[in-house]
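Source file: upload.cif; contents: mmCIF, C-alpha atoms.
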data_structure
#
loop_
_atom_site.group_PDB
_atom_site.id
_atom_site.type_symbol
_atom_site.label_atom_id
_atom_site.label_comp_id
_atom_site.auth_asym_id
_atom_site.auth_seq_id
_atom_site.Cartn_x
_atom_site.Cartn_y
_atom_site.Cartn_z
ATOM 1 C CA MET A 1 31.060 161.936 60.316
ATOM 2 C CA GLY A 2 33.260 164.361 58.358
ATOM 3 C CA SER A 3 35.312 163.519 55.297
ATOM 4 C CA LYS A 4 38.496 163.377 57.407
ATOM 5 C CA GLY A 5 36.933 160.763 59.670
ATOM 6 C CA GLN A 6 35.746 158.793 56.650
ATOM 7 C CA ARG A 7 39.229 158.863 55.125
ATOM 8 C CA GLU A 8 40.723 157.600 58.378
ATOM 9 C CA ILE A 9 38.268 154.698 58.504
ATOM 10 C CA TRP A 10 38.955 153.597 54.944
ATOM 11 C CA GLU A 11 42.716 153.935 55.405
ATOM 12 C CA ARG A 12 42.405 151.620 58.391
ATOM 13 C CA VAL A 13 40.210 149.298 56.331
ATOM 14 C CA GLU A 14 42.947 149.020 53.714
ATOM 15 C CA GLN A 15 45.461 148.194 56.435
ATOM 16 C CA ALA A 16 43.123 145.633 58.035
ATOM 17 C CA ARG A 17 42.513 144.072 54.616
ATOM 18 C CA SER A 18 46.239 143.707 53.986
ATOM 19 C CA GLU A 19 46.622 142.041 57.403
ATOM 20 C CA GLN A 20 43.718 139.637 56.715
ATOM 21 C CA ARG A 21 41.617 141.059 59.532
ATOM 22 C CA LEU A 22 38.485 141.335 57.362
ATOM 23 C CA VAL A 23 35.935 138.743 56.252
ATOM 24 C CA ASP A 24 34.878 139.040 52.584
ATOM 25 C CA LEU A 25 31.068 139.175 52.295
ATOM 26 C CA ASN A 26 30.853 139.817 48.556
ATOM 27 C CA ASP A 27 28.799 136.673 47.843
ATOM 28 C CA GLU A 28 26.293 137.569 50.565
ATOM 29 C CA ALA A 29 26.164 141.168 49.271
ATOM 30 C CA ARG A 30 25.357 140.028 45.725
ATOM 31 C CA ARG A 31 22.567 137.779 46.971
ATOM 32 C CA ALA A 32 21.138 140.808 48.802
ATOM 33 C CA GLY A 33 21.288 142.885 45.604
ATOM 34 C CA LEU A 34 24.323 144.978 46.579
ATOM 35 C CA PRO A 35 26.780 145.237 43.639
ATOM 36 C CA CYS A 36 29.677 146.367 45.824
ATOM 37 C CA ARG A 37 32.423 145.102 48.108
ATOM 38 C CA CYS A 38 31.178 144.231 51.576
ATOM 39 C CA GLU A 39 33.399 143.359 54.568
ATOM 40 C CA ILE A 40 33.350 142.897 58.326
ATOM 41 C CA GLY A 41 36.117 142.653 60.936
ATOM 42 C CA VAL A 42 37.053 139.067 61.850
ATOM 43 C CA PRO A 43 36.361 139.550 65.616
ATOM 44 C CA LEU A 44 32.833 140.865 64.990
ATOM 45 C CA TRP A 45 32.123 138.109 62.456
ATOM 46 C CA ASN A 46 33.299 135.328 64.776
ATOM 47 C CA SER A 47 31.485 136.892 67.704
ATOM 48 C CA LEU A 48 28.088 137.591 66.148
ATOM 49 C CA PHE A 49 27.569 136.024 62.703
ATOM 50 C CA TRP A 50 29.593 132.791 62.544
ATOM 51 C CA GLU A 51 27.451 129.681 63.097
ATOM 52 C CA TYR A 52 29.940 127.997 65.394
ATOM 53 C CA PRO A 53 29.546 124.337 66.448
ATOM 54 C CA SER A 54 26.497 123.969 68.744
ATOM 55 C CA ALA A 55 25.160 127.450 67.806
ATOM 56 C CA GLY A 56 21.365 127.772 67.824
ATOM 57 C CA LYS A 57 19.154 130.102 65.782
ATOM 58 C CA GLN A 58 19.102 132.789 68.468
ATOM 59 C CA ASP A 59 22.853 132.619 69.113
ATOM 60 C CA VAL A 60 23.932 134.392 65.912
ATOM 61 C CA LEU A 61 22.638 136.996 63.468
ATOM 62 C CA ASP A 62 21.779 136.376 59.829
ATOM 63 C CA ILE A 63 24.123 138.448 57.658
ATOM 64 C CA GLY A 64 21.794 138.155 54.658
ATOM 65 C CA GLU A 65 18.927 139.811 56.536
ATOM 66 C CA LEU A 66 21.152 142.701 57.558
ATOM 67 C CA LEU A 67 22.404 143.303 54.010
ATOM 68 C CA HIS A 68 18.863 143.112 52.586
ATOM 69 C CA ILE A 69 17.852 145.921 54.952
ATOM 70 C CA LEU A 70 20.817 148.013 53.775
ATOM 71 C CA HIS A 71 19.887 147.327 50.136
ATOM 72 C CA ASP A 72 16.332 148.552 50.764
ATOM 73 C CA ARG A 73 17.608 151.677 52.550
ATOM 74 C CA LEU A 74 19.964 152.521 49.690
ATOM 75 C CA LYS A 75 17.272 151.822 47.115
ATOM 76 C CA SER A 76 14.803 154.133 48.865
ATOM 77 C CA ASN A 77 17.334 156.951 48.356
ATOM 78 C CA VAL A 78 15.893 158.960 51.248
ATOM 79 C CA LEU A 79 19.285 160.520 52.011
ATOM 80 C CA PRO A 80 21.464 160.358 48.866
ATOM 81 C CA GLY A 81 25.129 159.879 49.685
ATOM 82 C CA GLN A 82 24.478 158.901 53.327
ATOM 83 C CA THR A 83 27.653 157.266 54.672
ATOM 84 C CA ASN A 84 26.374 155.662 57.912
ATOM 85 C CA PHE A 85 23.361 153.414 58.325
ATOM 86 C CA TYR A 86 22.463 152.211 61.806
ATOM 87 C CA ILE A 87 20.464 149.022 61.378
ATOM 88 C CA ARG A 88 18.661 147.085 64.094
ATOM 89 C CA PRO A 89 18.984 143.316 63.557
ATOM 90 C CA PRO A 90 15.493 142.018 62.686
ATOM 91 C CA ARG A 91 15.997 138.860 64.776
ATOM 92 C CA PRO A 92 18.329 139.777 67.671
ATOM 93 C CA THR A 93 20.186 137.201 69.724
ATOM 94 C CA TRP A 94 18.699 136.078 73.054
ATOM 95 C CA TRP A 95 21.023 138.344 75.083
ATOM 96 C CA MET A 96 20.863 141.386 72.790
ATOM 97 C CA GLN A 97 18.898 144.433 73.820
ATOM 98 C CA LYS A 98 16.166 145.487 71.399
ATOM 99 C CA ARG A 99 17.744 148.889 70.847
ATOM 100 C CA TYR A 100 21.073 147.479 69.666
ATOM 101 C CA PHE A 101 22.149 148.621 66.200
ATOM 102 C CA LEU A 102 24.988 147.746 63.847
ATOM 103 C CA ASN A 103 26.849 150.499 62.014
ATOM 104 C CA LEU A 104 27.126 149.949 58.254
ATOM 105 C CA THR A 105 29.581 152.486 56.840
ATOM 106 C CA VAL A 106 29.270 153.095 53.092
ATOM 107 C CA ARG A 107 31.916 154.398 50.696
ATOM 108 C CA TYR A 108 30.932 155.910 47.355
ATOM 109 C CA ARG A 109 32.659 156.357 44.013
ATOM 110 C CA GLY A 110 30.683 159.126 42.422
ATOM 111 C CA ASP A 111 27.019 158.225 42.909
ATOM 112 C CA GLN A 112 27.678 154.490 43.150
ATOM 113 C CA VAL A 113 28.248 152.498 46.336
ATOM 114 C CA GLU A 114 31.802 151.127 46.218
ATOM 115 C CA SER A 115 32.282 149.458 49.642
ATOM 116 C CA VAL A 116 30.370 148.611 52.811
ATOM 117 C CA LEU A 117 31.982 147.974 56.193
ATOM 118 C CA ILE A 118 30.003 146.439 59.089
ATOM 119 C CA MET A 119 31.007 147.522 62.607
ATOM 120 C CA PRO A 120 29.575 147.437 66.140
ATOM 121 C CA GLN A 121 27.151 150.170 67.157
ATOM 122 C CA PHE A 122 29.548 152.593 68.862
ATOM 123 C CA ASP A 123 32.864 151.287 67.547
ATOM 124 C CA THR A 124 34.552 152.776 64.498
ATOM 125 C CA LEU A 125 38.020 151.243 64.362
ATOM 126 C CA GLY A 126 38.543 149.073 67.437
ATOM 127 C CA SER A 127 36.822 146.053 65.882
ATOM 128 C CA LEU A 128 39.397 146.075 63.079
ATOM 129 C CA PHE A 129 42.361 146.168 65.463
ATOM 130 C CA PRO A 130 41.245 144.471 68.706
ATOM 131 C CA LEU A 131 43.264 143.808 71.833
ATOM 132 C CA VAL A 132 43.507 140.122 70.905
ATOM 133 C CA PRO A 133 43.715 138.509 67.446
ATOM 134 C CA GLN A 134 40.315 136.849 67.747
ATOM 135 C CA ALA A 135 37.048 136.875 69.673
ATOM 136 C CA LEU A 136 35.022 133.932 70.876
ATOM 137 C CA PRO A 137 31.302 133.897 69.974
ATOM 138 C CA ALA A 138 29.429 136.318 72.212
ATOM 139 C CA SER A 139 26.527 133.915 72.840
ATOM 140 C CA MET A 140 28.936 131.191 73.936
ATOM 141 C CA LEU A 141 30.644 133.504 76.434
ATOM 142 C CA ALA A 142 27.311 134.882 77.685
ATOM 143 C CA ARG A 143 25.905 131.389 78.260
ATOM 144 C CA LEU A 144 29.079 130.239 80.021
ATOM 145 C CA MET A 145 29.139 133.225 82.356
ATOM 146 C CA GLN A 146 25.430 132.797 83.033
ATOM 147 C CA THR A 147 26.017 129.152 84.012
ATOM 148 C CA VAL A 148 28.992 130.046 86.229
ATOM 149 C CA ARG A 149 26.870 132.577 88.083
ATOM 150 C CA ARG A 150 24.056 130.049 88.395
ATOM 151 C CA PHE A 151 26.483 127.525 89.869
ATOM 152 C CA LEU A 152 28.154 129.962 92.270
ATOM 153 C CA PRO A 153 25.484 129.783 95.056
ATOM 154 C CA PHE A 154 25.832 125.976 95.069
ATOM 155 C CA CYS A 155 29.621 125.849 95.366
ATOM 156 C CA TYR A 156 31.252 124.149 98.277
ATOM 157 C CA ARG A 157 33.472 126.517 100.226
ATOM 158 C CA THR A 158 36.579 124.756 98.911
ATOM 159 C CA GLU A 159 35.469 125.455 95.314
ATOM 160 C CA LEU A 160 34.766 129.174 95.624
ATOM 161 C CA THR A 161 38.284 130.280 94.680
ATOM 162 C CA LEU A 162 38.247 128.056 91.594
ATOM 163 C CA ILE A 163 34.832 129.191 90.346
ATOM 164 C CA ARG A 164 35.593 132.852 91.008
ATOM 165 C CA SER A 165 38.863 132.456 89.096
ATOM 166 C CA LEU A 166 36.958 130.885 86.196
ATOM 167 C CA ASN A 167 34.426 133.726 86.227
ATOM 168 C CA ALA A 168 37.226 136.323 86.217
ATOM 169 C CA THR A 169 38.948 134.596 83.275
ATOM 170 C CA LEU A 170 35.723 134.485 81.257
ATOM 171 C CA TYR A 171 35.082 138.153 82.061
ATOM 172 C CA GLU A 172 38.517 139.094 80.723
ATOM 173 C CA LEU A 173 37.731 137.167 77.518
ATOM 174 C CA LEU A 174 34.458 139.061 77.288
ATOM 175 C CA ARG A 175 36.192 142.432 77.765
ATOM 176 C CA THR A 176 38.088 141.953 74.479
ATOM 177 C CA ASN A 177 34.895 141.023 72.626
ATOM 178 C CA PRO A 178 33.366 143.668 70.305
ATOM 179 C CA LEU A 179 29.962 142.977 71.921
ATOM 180 C CA PHE A 180 31.246 143.448 75.488
ATOM 181 C CA ASP A 181 28.881 146.278 76.475
ATOM 182 C CA GLN A 182 25.786 144.447 75.278
ATOM 183 C CA VAL A 183 26.631 141.125 76.927
ATOM 184 C CA ASP A 184 27.788 142.818 80.125
ATOM 185 C CA ARG A 185 24.476 144.698 80.418
ATOM 186 C CA TYR A 186 22.570 141.457 79.913
ATOM 187 C CA LEU A 187 24.584 139.651 82.597
ATOM 188 C CA ASP A 188 24.198 142.577 84.984
ATOM 189 C CA ARG A 189 20.412 142.120 84.922
ATOM 190 C CA LEU A 190 20.605 138.482 86.020
ATOM 191 C CA ARG A 191 19.570 137.564 89.543
ATOM 192 C CA PRO A 192 20.848 134.557 91.563
ATOM 193 C CA SER A 193 18.605 131.511 91.286
ATOM 194 C CA LEU A 194 17.866 128.949 93.967
ATOM 195 C CA GLY A 195 17.031 126.376 91.300
ATOM 196 C CA PRO A 196 13.715 124.806 90.228
ATOM 197 C CA LYS A 197 11.547 123.216 92.931
ATOM 198 C CA GLU A 198 11.609 119.774 91.292
ATOM 199 C CA PHE A 199 15.362 119.495 91.996
ATOM 200 C CA SER A 200 17.020 119.081 95.352
ATOM 201 C CA ARG A 201 19.996 121.356 96.042
ATOM 202 C CA ASP A 202 22.481 118.550 95.295
ATOM 203 C CA GLU A 203 20.633 117.500 92.124
ATOM 204 C CA TYR A 204 20.551 121.043 90.774
ATOM 205 C CA ARG A 205 24.195 121.518 91.667
ATOM 206 C CA GLU A 206 25.172 118.431 89.658
ATOM 207 C CA VAL A 207 22.955 119.338 86.666
ATOM 208 C CA THR A 208 24.411 122.861 86.586
ATOM 209 C CA LEU A 209 27.966 121.572 86.909
ATOM 210 C CA ARG A 210 27.443 119.107 84.061
ATOM 211 C CA SER A 211 26.115 121.942 81.894
ATOM 212 C CA LEU A 212 29.087 124.140 82.814
ATOM 213 C CA LEU A 213 31.660 121.487 81.972
ATOM 214 C CA THR A 214 29.927 120.586 78.701
ATOM 215 C CA GLN A 215 29.964 124.260 77.711
ATOM 216 C CA LEU A 216 33.650 124.541 78.624
ATOM 217 C CA GLU A 217 34.409 121.550 76.430
ATOM 218 C CA LEU A 218 32.487 123.147 73.540
ATOM 219 C CA MET A 219 34.386 126.395 74.072
ATOM 220 C CA ALA A 220 37.654 124.458 73.931
ATOM 221 C CA ALA A 221 36.567 122.866 70.635
ATOM 222 C CA VAL A 222 35.591 126.230 69.121
ATOM 223 C CA ALA A 223 38.807 127.812 70.379
ATOM 224 C CA ASP A 224 40.768 124.936 68.863
ATOM 225 C CA LYS A 225 39.073 125.521 65.497
ATOM 226 C CA LEU A 226 40.079 129.179 65.751
ATOM 227 C CA ASP A 227 43.562 128.147 66.970
ATOM 228 C CA LEU A 228 43.421 130.250 70.142
ATOM 229 C CA GLU A 229 44.831 129.307 73.547
ATOM 230 C CA ILE A 230 42.901 130.378 76.631
ATOM 231 C CA ARG A 231 44.371 130.042 80.101
ATOM 232 C CA LEU A 232 41.887 128.627 82.600
ATOM 233 C CA PRO A 233 42.280 127.061 86.091
ATOM 234 C CA VAL A 234 42.667 123.641 84.487
ATOM 235 C CA SER A 235 43.770 121.478 87.398
ATOM 236 C CA GLY A 236 40.786 122.460 89.545
ATOM 237 C CA LEU A 237 38.345 122.008 86.678
ATOM 238 C CA LEU A 238 39.751 118.562 85.950
ATOM 239 C CA GLN A 239 39.269 117.609 89.575
ATOM 240 C CA LEU A 240 35.625 118.724 89.469
ATOM 241 C CA MET A 241 35.094 116.762 86.257
ATOM 242 C CA ALA A 242 36.616 113.633 87.697
ATOM 243 C CA SER A 243 34.445 113.929 90.816
ATOM 244 C CA TYR A 244 31.085 114.616 89.211
ATOM 245 C CA VAL A 245 31.048 114.008 85.480
ATOM 246 C CA GLY A 246 33.753 111.545 84.536
ATOM 247 C CA PHE A 247 35.167 113.216 81.438
ATOM 248 C CA VAL A 248 37.922 115.757 80.820
ATOM 249 C CA PRO A 249 38.263 118.697 78.404
ATOM 250 C CA VAL A 250 40.707 118.971 75.530
ATOM 251 C CA ARG A 251 44.104 120.130 76.819
ATOM 252 C CA LYS A 252 47.248 121.513 75.287
ATOM 253 C CA ASN A 253 50.330 122.374 77.331
ATOM 254 C CA GLY A 254 48.250 122.528 80.508
ATOM 255 C CA ALA A 255 45.652 124.924 79.085
ATOM 256 C CA LEU A 256 42.201 124.613 77.626
ATOM 257 C CA LEU A 257 42.274 125.390 73.933
ATOM 258 C CA ALA A 258 41.101 128.517 72.097
ATOM 259 C CA ASP A 259 41.744 130.822 69.019
ATOM 260 C CA LYS A 260 44.706 132.018 66.936
ATOM 261 C CA ARG A 261 43.724 132.527 63.299
ATOM 262 C CA PRO A 262 40.639 133.976 61.602
ATOM 263 C CA PHE A 263 37.934 131.433 60.819
ATOM 264 C CA HIS A 264 36.067 132.409 57.646
#
Mind turning this structure into structure tokens?
Amino acid sequence: MGSKGQREIWERVEQARSEQRLVDLNDEARRAGLPCRCEIGVPLWNSLFWEYPSAGKQDVLDIGELLHILHDRLKSNVLPGQTNFYIRPPRPTWWMQKRYFLNLTVRYRGDQVESVLIMPQFDTLGSLFPLVPQALPASMLARLMQTVRRFLPFCYRTELTLIRSLNATLYELLRTNPLFDQVDRYLDRLRPSLGPKEFSRDEYREVTLRSLLTQLELMAAVADKLDLEIRLPVSGLLQLMASYVGFVPVRKNGALLADKRPFH
């Protein structure tokens, strides 16, 4: 990338910093041996690195591992002054393709590294100024959409409109996520399942529905922590819960809860 492109990125970084759209990773950078400022856009952090409630080991990436790789690359000095490092996460998430990379853009002052900015693989500025203020964790959205699609073949005819509406809403949430392309490719490879043989159709339907509603409740809790409101077909979901599970999700003004402010 030319010097003009680099200047544009760092001008946007300054603007994003002033608007509190960046997460400060200086402590993590020092532990990795990087004596420089290190930052990441809030949407990418919340989507890929934040250990949200209920997150498992394969749901998020380890920021320390990523920065250690960058430190080793810089120390090797193979390409002095290199401004872009594409790094493959050493332990990718369960939905992430093996060839996914993160773009670590480096700014120098003389021969010394001054700043590092972490961005998605093909995105340069969009992750700093997204379509929505926040992004839900990518693994949470991927798992929810996977469960919706697993439940779809077991819907009663009267529920199809509701479940399709829920799937469309989740897809719109995914479209504003900085990991949209990766998650969308993963979901596109999924095939409809008839359920395990040890379950009857009705048993598998109920187990899948319970899982779906539990995941929706977790999403509401995470969204509440991020102070974001997400509009979902609440009345229909409440009816399903009352019929099969016996509990209801968190509500606020007729909507399930979700994110408004950065969670660092």
(message) I'd like to know which of A:Gly33, A:Gly5, A:Pro120, A:Pro153 is closest to Gln182 in chain A, using all atoms listed in the file.
(response) A:Pro120
Report as JSON the centre and the edge lengths, in Å to one decimal, of the axis-aligned box holding every listed atom of range 164-175 of chain A, padded by 3 Å on each side.
{"center_x": 36.7, "center_y": 136.7, "center_z": 84.1, "size_x": 10.5, "size_y": 17.5, "size_z": 19.7}
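The space separating CA of Ala138 in chain A from CA of Ser47 in chain A comes to 5.0 Å.
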Dump as a Markdown table the rows for residues of range 50-141 of chain A within 12 Å of range 215-234 of chain A: closest atom pair and distance in Å with one decimal, only C-alpha atoms counted, ordered by chain and rising residue number.
| residue | atom | partner | partner_atom | distance |
| --- | --- | --- | --- | --- |
| A:Trp50 | CA | A:Val222 | CA | 11.1 |
| A:Glu51 | CA | A:Val222 | CA | 10.7 |
| A:Tyr52 | CA | A:Val222 | CA | 7.0 |
| A:Pro53 | CA | A:Val222 | CA | 6.9 |
| A:Ser54 | CA | A:Leu218 | CA | 7.7 |
| A:Ala55 | CA | A:Leu218 | CA | 10.3 |
| A:Val132 | CA | A:Leu228 | CA | 9.9 |
| A:Pro133 | CA | A:Leu228 | CA | 8.7 |
| A:Gln134 | CA | A:Leu228 | CA | 7.7 |
| A:Ala135 | CA | A:Leu226 | CA | 9.2 |
| A:Leu136 | CA | A:Ala223 | CA | 7.2 |
| A:Pro137 | CA | A:Val222 | CA | 8.8 |
| A:Ala138 | CA | A:Met219 | CA | 11.2 |
| A:Ser139 | CA | A:Met219 | CA | 10.9 |
| A:Met140 | CA | A:Met219 | CA | 7.3 |
| A:Leu141 | CA | A:Met219 | CA | 8.4 |
(request) In Å, rounded to a single decimal, give me how far CA of Asn46 in chain A is from CA of Val23 in chain A. (result) 9.6 Å
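Reported to one decimal place, the separation of CA of Tyr186 in chain A from CA of Tyr171 in chain A is 13.1 Å.
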(request) Determine the residue set returned by the PyMOL selection byres ((chain A and resi 148) around 10) for the present structure, and present it as a PyMOL selection string. (result) chain A and resi 142-147+149-153+163-164+166-167+170+208-209+211-213
(request) Any chance you could resolve the PyMOL selection byres ((chain A and resi 10-16) around 12) against this file and give the residues as a PyMOL selection string? (result) chain A and resi 3-9+17-24+38-43+83+105-108+114-119+124-130+133
May I have the selected residues written with C-alpha atoms, as a compact mmCIF listing (two decimals), in the frame of the given file?
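Final file, part-v3.txt:
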# COMPACT_ATOMS: atom_id res chain seq x y z
CA SER A 3 35.31 163.52 55.30
CA LYS A 4 38.50 163.38 57.41
CA GLY A 5 36.93 160.76 59.67
CA GLN A 6 35.75 158.79 56.65
CA ARG A 7 39.23 158.86 55.12
CA GLU A 8 40.72 157.60 58.38
CA ILE A 9 38.27 154.70 58.50
CA ARG A 17 42.51 144.07 54.62
CA SER A 18 46.24 143.71 53.99
CA GLU A 19 46.62 142.04 57.40
CA GLN A 20 43.72 139.64 56.72
CA ARG A 21 41.62 141.06 59.53
CA LEU A 22 38.48 141.34 57.36
CA VAL A 23 35.94 138.74 56.25
CA ASP A 24 34.88 139.04 52.58
CA CYS A 38 31.18 144.23 51.58
CA GLU A 39 33.40 143.36 54.57
CA ILE A 40 33.35 142.90 58.33
CA GLY A 41 36.12 142.65 60.94
CA VAL A 42 37.05 139.07 61.85
CA PRO A 43 36.36 139.55 65.62
CA THR A 83 27.65 157.27 54.67
CA THR A 105 29.58 152.49 56.84
CA VAL A 106 29.27 153.10 53.09
CA ARG A 107 31.92 154.40 50.70
CA TYR A 108 30.93 155.91 47.36
CA GLU A 114 31.80 151.13 46.22
CA SER A 115 32.28 149.46 49.64
CA VAL A 116 30.37 148.61 52.81
CA LEU A 117 31.98 147.97 56.19
CA ILE A 118 30.00 146.44 59.09
CA MET A 119 31.01 147.52 62.61
CA THR A 124 34.55 152.78 64.50
CA LEU A 125 38.02 151.24 64.36
CA GLY A 126 38.54 149.07 67.44
CA SER A 127 36.82 146.05 65.88
CA LEU A 128 39.40 146.07 63.08
CA PHE A 129 42.36 146.17 65.46
CA PRO A 130 41.24 144.47 68.71
CA PRO A 133 43.72 138.51 67.45
(message) Let me make sure I understand: among A:Cys155, A:Leu102, A:Ala32, A:Ile87, which one has the smallest atom-to-atom distance to Glu206 in chain A if we use all atoms listed in the file?
(response)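 Answer, going by the shortest atom-to-atom distance: A:Cys155.
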(message) Taking (18.1, 154.1, 52.4) in the coordinates of the supplied file, I want to know which residues reach to within 12 Å of it, counting all atoms listed in the file; could you give the answer as number ranges by chain?
(response) A: 67-87, 104, 106, 113
